[in-house]
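Dropping structure.pdb in here (PDB, C-alpha atoms):
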```pdb
ATOM      1  CA  MET W1270      -7.737  37.494 -38.205
ATOM      2  CA  SER W1271     -10.161  39.247 -35.906
ATOM      3  CA  THR W1272     -13.820  38.524 -36.492
ATOM      4  CA  SER W1273     -15.074  41.854 -35.180
ATOM      5  CA  ALA W1274     -18.527  42.712 -36.510
ATOM      6  CA  HIS W1275     -17.702  46.433 -36.454
ATOM      7  CA  ARG W1276     -18.108  48.062 -39.858
ATOM      8  CA  PRO W1277     -15.626  50.956 -39.913
ATOM      9  CA  SER W1278     -16.521  54.292 -41.429
ATOM     10  CA  VAL W1279     -12.830  55.146 -41.807
ATOM     11  CA  ALA W1280     -10.716  53.639 -44.591
ATOM     12  CA  PRO W1281      -8.365  50.834 -43.523
ATOM     13  CA  ILE W1282      -4.788  51.428 -42.389
ATOM     14  CA  LEU W1283      -2.034  49.706 -44.378
ATOM     15  CA  LEU W1284       1.043  48.794 -42.341
ATOM     16  CA  ALA W1285       4.122  48.056 -44.458
ATOM     17  CA  THR W1286       6.657  46.229 -42.282
ATOM     18  CA  ASP W1287      10.009  44.556 -42.862
ATOM     19  CA  LEU W1288       9.689  42.751 -39.490
ATOM     20  CA  SER W1289      12.789  44.527 -38.156
ATOM     21  CA  ALA W1290      13.092  45.876 -34.615
ATOM     22  CA  GLN W1291      12.734  49.414 -35.992
ATOM     23  CA  GLY W1292       9.639  48.278 -37.875
ATOM     24  CA  ASP W1293       8.034  47.250 -34.587
ATOM     25  CA  ARG W1294       7.559  50.944 -33.798
ATOM     26  CA  ALA W1295       5.550  51.407 -36.983
ATOM     27  CA  LEU W1296       3.462  48.333 -36.108
ATOM     28  CA  ASP W1297       2.702  49.669 -32.628
ATOM     29  CA  ARG W1298       1.716  53.068 -34.065
ATOM     30  CA  ALA W1299      -0.525  51.429 -36.677
ATOM     31  CA  VAL W1300      -2.300  49.494 -33.915
ATOM     32  CA  VAL W1301      -2.847  52.707 -31.913
ATOM     33  CA  LEU W1302      -4.300  54.430 -34.997
ATOM     34  CA  ALA W1303      -6.569  51.488 -35.793
ATOM     35  CA  ARG W1304      -7.913  51.485 -32.237
ATOM     36  CA  THR W1305      -8.427  55.249 -32.214
ATOM     37  CA  LEU W1306     -10.198  55.285 -35.573
ATOM     38  CA  GLU W1307     -11.977  51.962 -34.988
ATOM     39  CA  THR W1308     -10.909  50.773 -38.401
ATOM     40  CA  ARG W1309      -9.269  47.762 -39.979
ATOM     41  CA  LEU W1310      -5.526  47.197 -40.075
ATOM     42  CA  VAL W1311      -3.921  45.453 -43.060
ATOM     43  CA  ALA W1312      -0.378  44.284 -42.239
ATOM     44  CA  LEU W1313       1.801  43.689 -45.294
ATOM     45  CA  HIS W1314       5.224  42.043 -45.443
ATOM     46  CA  VAL W1315       6.943  41.615 -48.811
ATOM     47  CA  LEU W1316       9.437  38.859 -49.657
ATOM     48  CA  GLU W1317      11.893  40.348 -52.133
ATOM     49  CA  PRO W1318      13.693  38.093 -54.643
ATOM     50  CA  GLY W1319      17.464  38.306 -54.915
ATOM     51  CA  VAL W1320      18.782  36.366 -51.910
ATOM     52  CA  PRO W1321      19.395  32.697 -52.780
ATOM     53  CA  ALA W1322      17.697  30.325 -50.347
ATOM     54  CA  GLY W1323      20.929  28.407 -49.879
ATOM     55  CA  ALA W1324      23.240  31.388 -49.420
ATOM     56  CA  GLY W1325      25.789  30.551 -46.759
ATOM     57  CA  GLY W1326      25.432  32.489 -43.532
ATOM     58  CA  THR W1327      22.048  33.928 -44.490
ATOM     59  CA  PRO W1328      19.563  33.686 -41.596
ATOM     60  CA  SER W1329      16.616  31.470 -42.466
ATOM     61  CA  TRP W1330      14.109  34.291 -41.945
ATOM     62  CA  HIS W1331      15.865  36.381 -44.621
ATOM     63  CA  ARG W1332      15.636  33.691 -47.296
ATOM     64  CA  LEU W1333      12.999  33.741 -49.997
ATOM     65  CA  SER W1334      11.135  30.516 -49.202
ATOM     66  CA  GLU W1335       7.793  29.128 -48.073
ATOM     67  CA  ASP W1336       9.300  28.826 -44.591
ATOM     68  CA  HIS W1337       9.873  32.580 -44.628
ATOM     69  CA  ARG W1338       6.266  33.181 -45.673
ATOM     70  CA  LEU W1339       4.941  31.001 -42.826
ATOM     71  CA  TRP W1340       7.346  32.541 -40.334
ATOM     72  CA  ALA W1341       6.283  36.085 -41.336
ATOM     73  CA  ARG W1342       2.615  35.203 -40.822
ATOM     74  CA  TYR W1343       3.450  33.602 -37.473
ATOM     75  CA  ARG W1344       5.422  36.649 -36.311
ATOM     76  CA  LEU W1345       2.731  39.137 -37.357
ATOM     77  CA  GLY W1346       0.072  36.930 -35.789
ATOM     78  CA  LEU W1347       1.916  37.051 -32.452
ATOM     79  CA  ASP W1348       1.988  40.834 -32.667
ATOM     80  CA  LEU W1349      -1.596  41.399 -33.834
ATOM     81  CA  ASP W1350      -3.853  38.580 -32.631
ATOM     82  CA  GLY W1351      -4.029  40.047 -29.134
ATOM     83  CA  ALA W1352      -3.988  43.697 -30.198
ATOM     84  CA  GLY W1353      -7.760  44.102 -30.128
ATOM     85  CA  VAL W1354      -8.088  45.429 -33.684
ATOM     86  CA  ASP W1355      -9.760  43.999 -36.776
ATOM     87  CA  HIS W1356      -6.813  42.987 -38.949
ATOM     88  CA  GLU W1357      -5.615  41.028 -41.940
ATOM     89  CA  ILE W1358      -2.102  39.689 -42.566
ATOM     90  CA  ARG W1359      -0.711  39.600 -46.089
ATOM     91  CA  VAL W1360       2.671  38.196 -47.132
ATOM     92  CA  GLU W1361       3.555  38.801 -50.778
ATOM     93  CA  THR W1362       6.520  38.297 -53.106
ATOM     94  CA  GLY W1363       8.037  40.944 -55.376
ATOM     95  CA  ASP W1364       9.336  44.495 -55.266
ATOM     96  CA  ALA W1365       8.399  45.985 -51.890
ATOM     97  CA  ALA W1366       7.403  49.441 -53.162
ATOM     98  CA  GLU W1367       5.314  48.049 -56.013
ATOM     99  CA  GLN W1368       3.510  45.614 -53.713
ATOM    100  CA  ILE W1369       2.754  48.348 -51.177
ATOM    101  CA  LEU W1370       1.424  50.636 -53.898
ATOM    102  CA  GLN W1371      -0.779  47.857 -55.279
ATOM    103  CA  HIS W1372      -2.148  46.864 -51.867
ATOM    104  CA  ALA W1373      -2.769  50.478 -50.889
ATOM    105  CA  GLN W1374      -5.000  50.848 -53.927
ATOM    106  CA  ALA W1375      -6.641  47.415 -53.654
ATOM    107  CA  SER W1376      -7.502  47.815 -49.970
ATOM    108  CA  GLY W1377      -8.715  51.412 -50.374
ATOM    109  CA  CYS W1378      -6.544  52.374 -47.423
ATOM    110  CA  GLY W1379      -6.642  55.859 -45.943
ATOM    111  CA  VAL W1380      -3.012  55.978 -44.757
ATOM    112  CA  VAL W1381       0.141  53.894 -45.138
ATOM    113  CA  VAL W1382       2.255  53.439 -42.006
ATOM    114  CA  THR W1383       5.895  52.438 -42.327
ATOM    115  CA  GLY W1384       9.266  52.885 -40.628
ATOM    116  CA  VAL W1385      12.851  53.753 -41.482
ATOM    117  CA  GLY W1386      16.114  51.987 -40.806
ATOM    118  CA  ARG W1387      18.799  53.265 -38.483
ATOM    119  CA  ASN W1388      22.548  53.131 -39.015
ATOM    120  CA  GLU W1389      23.662  52.501 -35.449
ATOM    121  CA  SER W1390      27.323  53.273 -36.196
ATOM    122  CA  LEU W1391      26.459  56.710 -37.569
ATOM    123  CA  GLY W1392      23.422  57.340 -35.385
ATOM    124  CA  LYS W1393      21.352  58.645 -38.289
ATOM    125  CA  LEU W1394      18.125  57.538 -39.917
ATOM    126  CA  LEU W1395      18.420  55.977 -43.327
ATOM    127  CA  LEU W1396      15.738  56.286 -45.975
ATOM    128  CA  GLY W1397      15.583  53.153 -48.073
ATOM    129  CA  SER W1398      14.497  53.086 -51.694
ATOM    130  CA  THR W1399      11.081  51.728 -50.670
ATOM    131  CA  VAL W1400      10.265  54.732 -48.476
ATOM    132  CA  ARG W1401      11.492  57.109 -51.170
ATOM    133  CA  LYS W1402       9.189  55.560 -53.776
ATOM    134  CA  LEU W1403       6.197  55.636 -51.432
ATOM    135  CA  VAL W1404       6.707  59.297 -50.592
ATOM    136  CA  ARG W1405       6.896  60.194 -54.283
ATOM    137  CA  GLN W1406       4.092  57.992 -55.638
ATOM    138  CA  LEU W1407       1.367  57.275 -53.081
ATOM    139  CA  ALA W1408      -1.809  59.335 -53.321
ATOM    140  CA  VAL W1409      -2.765  58.663 -49.678
ATOM    141  CA  PRO W1410      -0.861  60.016 -46.648
ATOM    142  CA  VAL W1411       2.362  58.224 -45.718
ATOM    143  CA  LEU W1412       3.155  58.114 -41.994
ATOM    144  CA  VAL W1413       6.849  57.401 -41.370
ATOM    145  CA  VAL W1414       7.326  56.301 -37.765
ATOM    146  CA  LYS W1415      10.623  56.980 -36.030
ATOM    147  CA  ASN W1416       9.727  56.930 -32.351
ATOM    148  CA  ARG W1417       8.157  54.417 -29.991
ATOM    149  CA  PRO W1418       4.462  55.277 -29.439
ATOM    150  CA  HIS W1419       3.024  55.871 -25.988
ATOM    151  CA  GLY W1420      -0.647  56.048 -26.903
ATOM    152  CA  ALA W1421      -2.275  58.488 -29.298
ATOM    153  CA  TYR W1422      -0.231  61.474 -30.441
ATOM    154  CA  PRO W1423      -0.519  64.108 -27.666
ATOM    155  CA  SER W1424       0.389  66.873 -30.115
ATOM    156  CA  ALA W1425       1.154  67.440 -33.786
ATOM    157  CA  VAL W1426       2.400  70.280 -35.977
ATOM    158  CA  VAL W1427       0.925  70.859 -39.431
ATOM    159  CA  ALA W1428       3.243  72.831 -41.693
ATOM    160  CA  THR W1429       1.553  75.293 -44.033
ATOM    161  CA  ASP W1430       2.595  77.584 -46.849
ATOM    162  CA  PHE W1431      -1.082  78.521 -47.388
ATOM    163  CA  SER W1432      -1.209  76.320 -50.499
ATOM    164  CA  PRO W1433      -4.075  73.941 -51.346
ATOM    165  CA  GLU W1434      -1.694  71.041 -50.578
ATOM    166  CA  SER W1435      -1.121  72.249 -47.030
ATOM    167  CA  GLY W1436      -4.878  72.749 -46.638
ATOM    168  CA  LEU W1437      -5.349  69.102 -47.598
ATOM    169  CA  ALA W1438      -2.662  68.156 -45.065
ATOM    170  CA  LEU W1439      -4.589  69.939 -42.306
ATOM    171  CA  ARG W1440      -7.862  68.226 -43.252
ATOM    172  CA  GLN W1441      -6.195  64.809 -43.342
ATOM    173  CA  ALA W1442      -4.525  65.413 -39.987
ATOM    174  CA  ALA W1443      -7.861  66.369 -38.436
ATOM    175  CA  ARG W1444      -9.446  63.227 -39.909
ATOM    176  CA  LEU W1445      -6.728  60.788 -38.873
ATOM    177  CA  LEU W1446      -5.888  62.342 -35.490
ATOM    178  CA  PRO W1447      -9.172  63.100 -33.696
ATOM    179  CA  GLY W1448      -8.516  64.585 -30.287
ATOM    180  CA  THR W1449      -4.880  65.499 -31.015
ATOM    181  CA  PRO W1450      -4.200  69.256 -30.663
ATOM    182  CA  LEU W1451      -2.878  70.524 -33.992
ATOM    183  CA  THR W1452      -0.595  73.547 -34.251
ATOM    184  CA  LEU W1453      -0.567  75.207 -37.671
ATOM    185  CA  PHE W1454       3.015  76.289 -38.379
ATOM    186  CA  HIS W1455       4.087  78.794 -41.026
ATOM    187  CA  ALA W1456       7.659  79.829 -41.773
ATOM    188  CA  CYS W1457       8.095  83.061 -43.704
ATOM    189  CA  ASP W1458      11.319  83.852 -45.547
ATOM    190  CA  THR W1459      12.637  87.330 -44.686
ATOM    191  CA  VAL W1460      14.299  89.614 -47.196
ATOM    192  CA  LEU W1461      17.719  89.248 -45.567
ATOM    193  CA  GLY W1462      17.170  85.676 -44.426
ATOM    194  CA  ILE W1463      17.461  86.698 -40.775
ATOM    195  CA  PRO W1464      15.538  84.363 -38.428
ATOM    196  CA  GLY W1465      13.093  85.797 -35.931
ATOM    197  CA  ASP W1466       9.652  85.382 -34.411
ATOM    198  CA  ALA W1467       6.297  87.128 -34.426
ATOM    199  CA  ALA W1468       7.206  89.377 -31.510
ATOM    200  CA  ARG W1469      10.045  90.961 -33.524
ATOM    201  CA  ALA W1470       8.278  91.141 -36.889
ATOM    202  CA  PRO W1471       7.234  94.455 -38.420
ATOM    203  CA  GLU W1472       3.631  95.200 -37.465
ATOM    204  CA  SER W1473       2.548  95.524 -41.092
ATOM    205  CA  LEU W1474       4.026  92.128 -41.973
ATOM    206  CA  GLN W1475       2.360  90.522 -38.977
ATOM    207  CA  ARG W1476      -1.014  92.000 -39.993
ATOM    208  CA  ASP W1477      -0.587  90.648 -43.511
ATOM    209  CA  LEU W1478       0.299  87.182 -42.248
ATOM    210  CA  ASP W1479      -2.567  87.163 -39.756
ATOM    211  CA  GLY W1480      -4.952  88.026 -42.592
ATOM    212  CA  GLU W1481      -3.457  85.370 -44.862
ATOM    213  CA  MET W1482      -3.743  82.758 -42.111
ATOM    214  CA  ARG W1483      -7.384  83.731 -41.507
ATOM    215  CA  ARG W1484      -8.268  83.532 -45.202
ATOM    216  CA  PHE W1485      -6.462  80.207 -45.510
ATOM    217  CA  LEU W1486      -8.471  78.663 -42.664
ATOM    218  CA  GLU W1487     -11.736  80.146 -43.932
ATOM    219  CA  GLY W1488     -11.089  78.428 -47.266
ATOM    220  CA  ILE W1489     -10.842  74.942 -45.714
ATOM    221  CA  ALA W1490     -14.233  73.299 -45.480
ATOM    222  CA  ASP W1491     -15.439  70.952 -42.751
ATOM    223  CA  LEU W1492     -12.693  71.448 -40.179
ATOM    224  CA  PRO W1493     -13.803  70.152 -36.751
ATOM    225  CA  PRO W1494     -14.230  72.684 -33.936
ATOM    226  CA  GLY W1495     -10.927  73.542 -32.298
ATOM    227  CA  VAL W1496      -8.818  72.755 -35.378
ATOM    228  CA  PRO W1497      -6.231  74.136 -35.367
ATOM    229  CA  ALA W1498      -5.732  74.458 -31.615
ATOM    230  CA  ASP W1499      -2.937  77.007 -32.111
ATOM    231  CA  THR W1500      -0.861  78.768 -34.761
ATOM    232  CA  ALA W1501       2.831  79.621 -34.913
ATOM    233  CA  VAL W1502       4.741  81.895 -37.293
ATOM    234  CA  ARG W1503       8.523  82.045 -37.588
ATOM    235  CA  TYR W1504      10.782  84.031 -39.892
ATOM    236  CA  GLY W1505      13.663  82.535 -41.865
ATOM    237  CA  GLU W1506      14.425  79.379 -43.870
ATOM    238  CA  PRO W1507      11.329  77.145 -43.651
ATOM    239  CA  GLU W1508      12.939  73.677 -43.452
ATOM    240  CA  THR W1509      15.407  74.712 -40.748
ATOM    241  CA  LEU W1510      12.772  76.511 -38.695
ATOM    242  CA  LEU W1511      10.337  73.610 -38.893
ATOM    243  CA  SER W1512      13.009  71.202 -37.638
ATOM    244  CA  ASP W1513      13.973  73.579 -34.833
ATOM    245  CA  TYR W1514      10.354  74.098 -33.811
ATOM    246  CA  ALA W1515       9.657  70.351 -33.763
ATOM    247  CA  PHE W1516      12.710  69.774 -31.581
ATOM    248  CA  GLN W1517      12.098  72.658 -29.171
ATOM    249  CA  SER W1518       8.381  71.977 -28.739
ATOM    250  CA  ARG W1519       8.974  68.212 -28.322
ATOM    251  CA  CYS W1520       6.157  67.575 -30.793
ATOM    252  CA  ASP W1521       5.501  63.947 -31.662
ATOM    253  CA  LEU W1522       4.371  64.353 -35.275
ATOM    254  CA  VAL W1523       4.862  66.788 -38.138
ATOM    255  CA  VAL W1524       2.341  66.763 -40.995
ATOM    256  CA  ALA W1525       3.297  68.379 -44.293
ATOM    257  CA  GLY W1526       1.722  68.693 -47.720
ATOM    258  CA  ALA W1527       3.622  68.016 -50.932
ATOM    259  CA  GLN W1528       2.433  68.724 -54.447
ATOM    260  CA  ARG W1529       2.548  65.845 -56.931
ATOM    261  CA  MET W1530       4.376  67.121 -59.986
ATOM    262  CA  LYS W1531       6.087  65.601 -63.011
ATOM    263  CA  GLY W1532       9.568  65.981 -64.393
ATOM    264  CA  LEU W1533      12.390  67.915 -62.759
ATOM    265  CA  MET W1534      10.090  69.907 -60.462
ATOM    266  CA  GLY W1535       8.590  66.665 -59.189
ATOM    267  CA  ALA W1536      12.069  65.401 -58.306
ATOM    268  CA  MET W1537      12.743  68.646 -56.425
ATOM    269  CA  VAL W1538       9.521  68.329 -54.446
ATOM    270  CA  GLY W1539      10.461  64.750 -53.593
ATOM    271  CA  SER W1540      13.909  65.779 -52.392
ATOM    272  CA  VAL W1541      12.408  68.375 -50.028
ATOM    273  CA  ALA W1542      10.139  65.715 -48.552
ATOM    274  CA  GLU W1543      13.113  63.405 -48.078
ATOM    275  CA  ARG W1544      15.133  66.133 -46.340
ATOM    276  CA  LEU W1545      12.254  66.702 -43.944
ATOM    277  CA  LEU W1546      12.062  62.983 -43.202
ATOM    278  CA  GLU W1547      15.762  62.862 -42.404
ATOM    279  CA  SER W1548      16.027  66.104 -40.428
ATOM    280  CA  LEU W1549      12.906  66.066 -38.274
ATOM    281  CA  PRO W1550      13.222  64.297 -34.889
ATOM    282  CA  SER W1551       9.513  63.453 -34.839
ATOM    283  CA  ASP W1552       7.365  61.072 -36.838
ATOM    284  CA  VAL W1553       6.425  62.575 -40.201
ATOM    285  CA  MET W1554       3.198  62.332 -42.207
ATOM    286  CA  LEU W1555       3.360  63.469 -45.824
ATOM    287  CA  VAL W1556       0.129  64.273 -47.657
ATOM    288  CA  ARG W1557       0.118  64.482 -51.419
ATOM    289  CA  GLY W1558      -1.908  66.941 -53.433
ATOM    290  CA  GLN W1559      -3.190  66.395 -56.967
ATOM    291  CA  ALA W1560      -0.748  65.842 -59.815
ATOM    292  CA  ALA W1561      -0.005  68.814 -61.976
ATOM    293  CA  PRO W1562      -1.366  68.599 -65.562
TER     294      PRO W1562
END
```

As structure tokens, please, write out the structure in this file.
Amino acid sequence: MSTSAHRPSVAPILLATDLSAQGDRALDRAVVLARTLETRLVALHVLEPGVPAGAGGTPSWHRLSEDHRLWARYRLGLDLDGAGVDHEIRVETGDAAEQILQHAQASGCGVVVTGVGRNESLGKLLLGSTVRKLVRQLAVPVLVVKNRPHGAYPSAVVATDFSPESGLALRQAARLLPGTPLTLFHACDTVLGIPGDAARAPESLQRDLDGEMRRFLEGIADLPPGVPADTAVRYGEPETLLSDYAFQSRCDLVVAGAQRMKGLMGAMVGSVAERLLESLPSDVMLVRGQAAP
């Protein structure tokens, strides 16, 4: 563990890694964030019960044993000891999602960074049960890393529906991504569902949206100068348009707010977040609002 005397003013970053090749991308992104924010990185790997230590054909590093624990610490040490960030390595046993939730609270982390698996035969990203639980339950932002980092994010898109949750998402993005130009994106459903852009919108509708965007930004306190760097409005189905915009603009990160709700509505909100995670080509950061009473 690094012995840096720096006392960070930003909450620690929690990296949840399964030590897979895909997880290496999340580790690299967590290191970049820790350097940028000059904060501590807590790397967590969870040994999950269920695979017998003597199971035939099971690789030794996938067996639940003390050897696995030592190997995980060794592997993470190789990755982090020369990274130049203040860090701590934790290897725990139990349910992965529960351990991540507990450590996120215990460490007072400001963001959880994790990855997703990839089905190479189908060429699609797979959301495991751990990622699903984190997205639905964590109070702090969850950054799901899909792509290999090449330094700090050069650009990011913050989706907004002018709700308090999307205002929180913009504030969190500004806090966690200093120096990254943020584009505030709003998709507006049309009466007939016909897609379009601002140049083809009725003038009265554009005036209304401009006013709503202005009032939304005026209602967000303590935004740094230059945030957002730009705004974009599209017309049509929001999820589809956000995915298209992220692809066409080659943006590296999409930030979205999601309200924490109970019961059936909460499940619906969670499913929207999961669809965004699967459809967007970029990394995705989800920011939770307050739970509904």

Atom CA of W:Asp1479 to atom CA of W:Thr1449: how many Å, to one decimal?
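Computing the Euclidean distance for atom CA of W:Asp1479 and atom CA of W:Thr1449 yields 23.5 Å.
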
Please enclose the listed atoms of stretch 1295-1307 of chain W in an axis-aligned box, pad each side by 5 Å, and write out the centre and the three edge lengths in Å, rounded to one decimal, as JSON.
```
{"center_x": -3.2, "center_y": 51.8, "center_z": -34.4, "size_x": 27.5, "size_y": 17.0, "size_z": 15.1}
```

Care to translate the PyMOL selection byres ((chain W and resi 1293-1295) around 12) into actual residues of this file, as number ranges by chain?
W: 1282-1292, 1296-1302, 1312-1313, 1344-1345, 1348-1349, 1381-1386, 1411-1420, 1552-1553

When you look at W:Arg1519 with a cut-off of 10 Å (counting only C-alpha atoms), what residues show up, excluding the ones that are within fewer than 2 positions of it in the same chain? I need them as a ChimeraX atom specification.
/W:1424-1425,1513-1517,1521-1522,1550-1551

Residue subset to file, keeping C-alpha atoms, as a PDB file, keeping the file's coordinate frame:
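And here's selection_8.pdb as it stands now:
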```pdb
ATOM      1  CA  SER W1424       0.389  66.873 -30.115  1.00  0.00           C
ATOM      2  CA  ALA W1425       1.154  67.440 -33.786  1.00  0.00           C
ATOM      3  CA  ASP W1513      13.973  73.579 -34.833  1.00  0.00           C
ATOM      4  CA  TYR W1514      10.354  74.098 -33.811  1.00  0.00           C
ATOM      5  CA  ALA W1515       9.657  70.351 -33.763  1.00  0.00           C
ATOM      6  CA  PHE W1516      12.710  69.774 -31.581  1.00  0.00           C
ATOM      7  CA  GLN W1517      12.098  72.658 -29.171  1.00  0.00           C
ATOM      8  CA  ASP W1521       5.501  63.947 -31.662  1.00  0.00           C
ATOM      9  CA  LEU W1522       4.371  64.353 -35.275  1.00  0.00           C
ATOM     10  CA  PRO W1550      13.222  64.297 -34.889  1.00  0.00           C
ATOM     11  CA  SER W1551       9.513  63.453 -34.839  1.00  0.00           C
TER      12      SER W1551
END
```

Please compute the atom CA of W:Gly1526-atom CA of W:Val1556 distance, one decimal, in Å.
4.7 Å
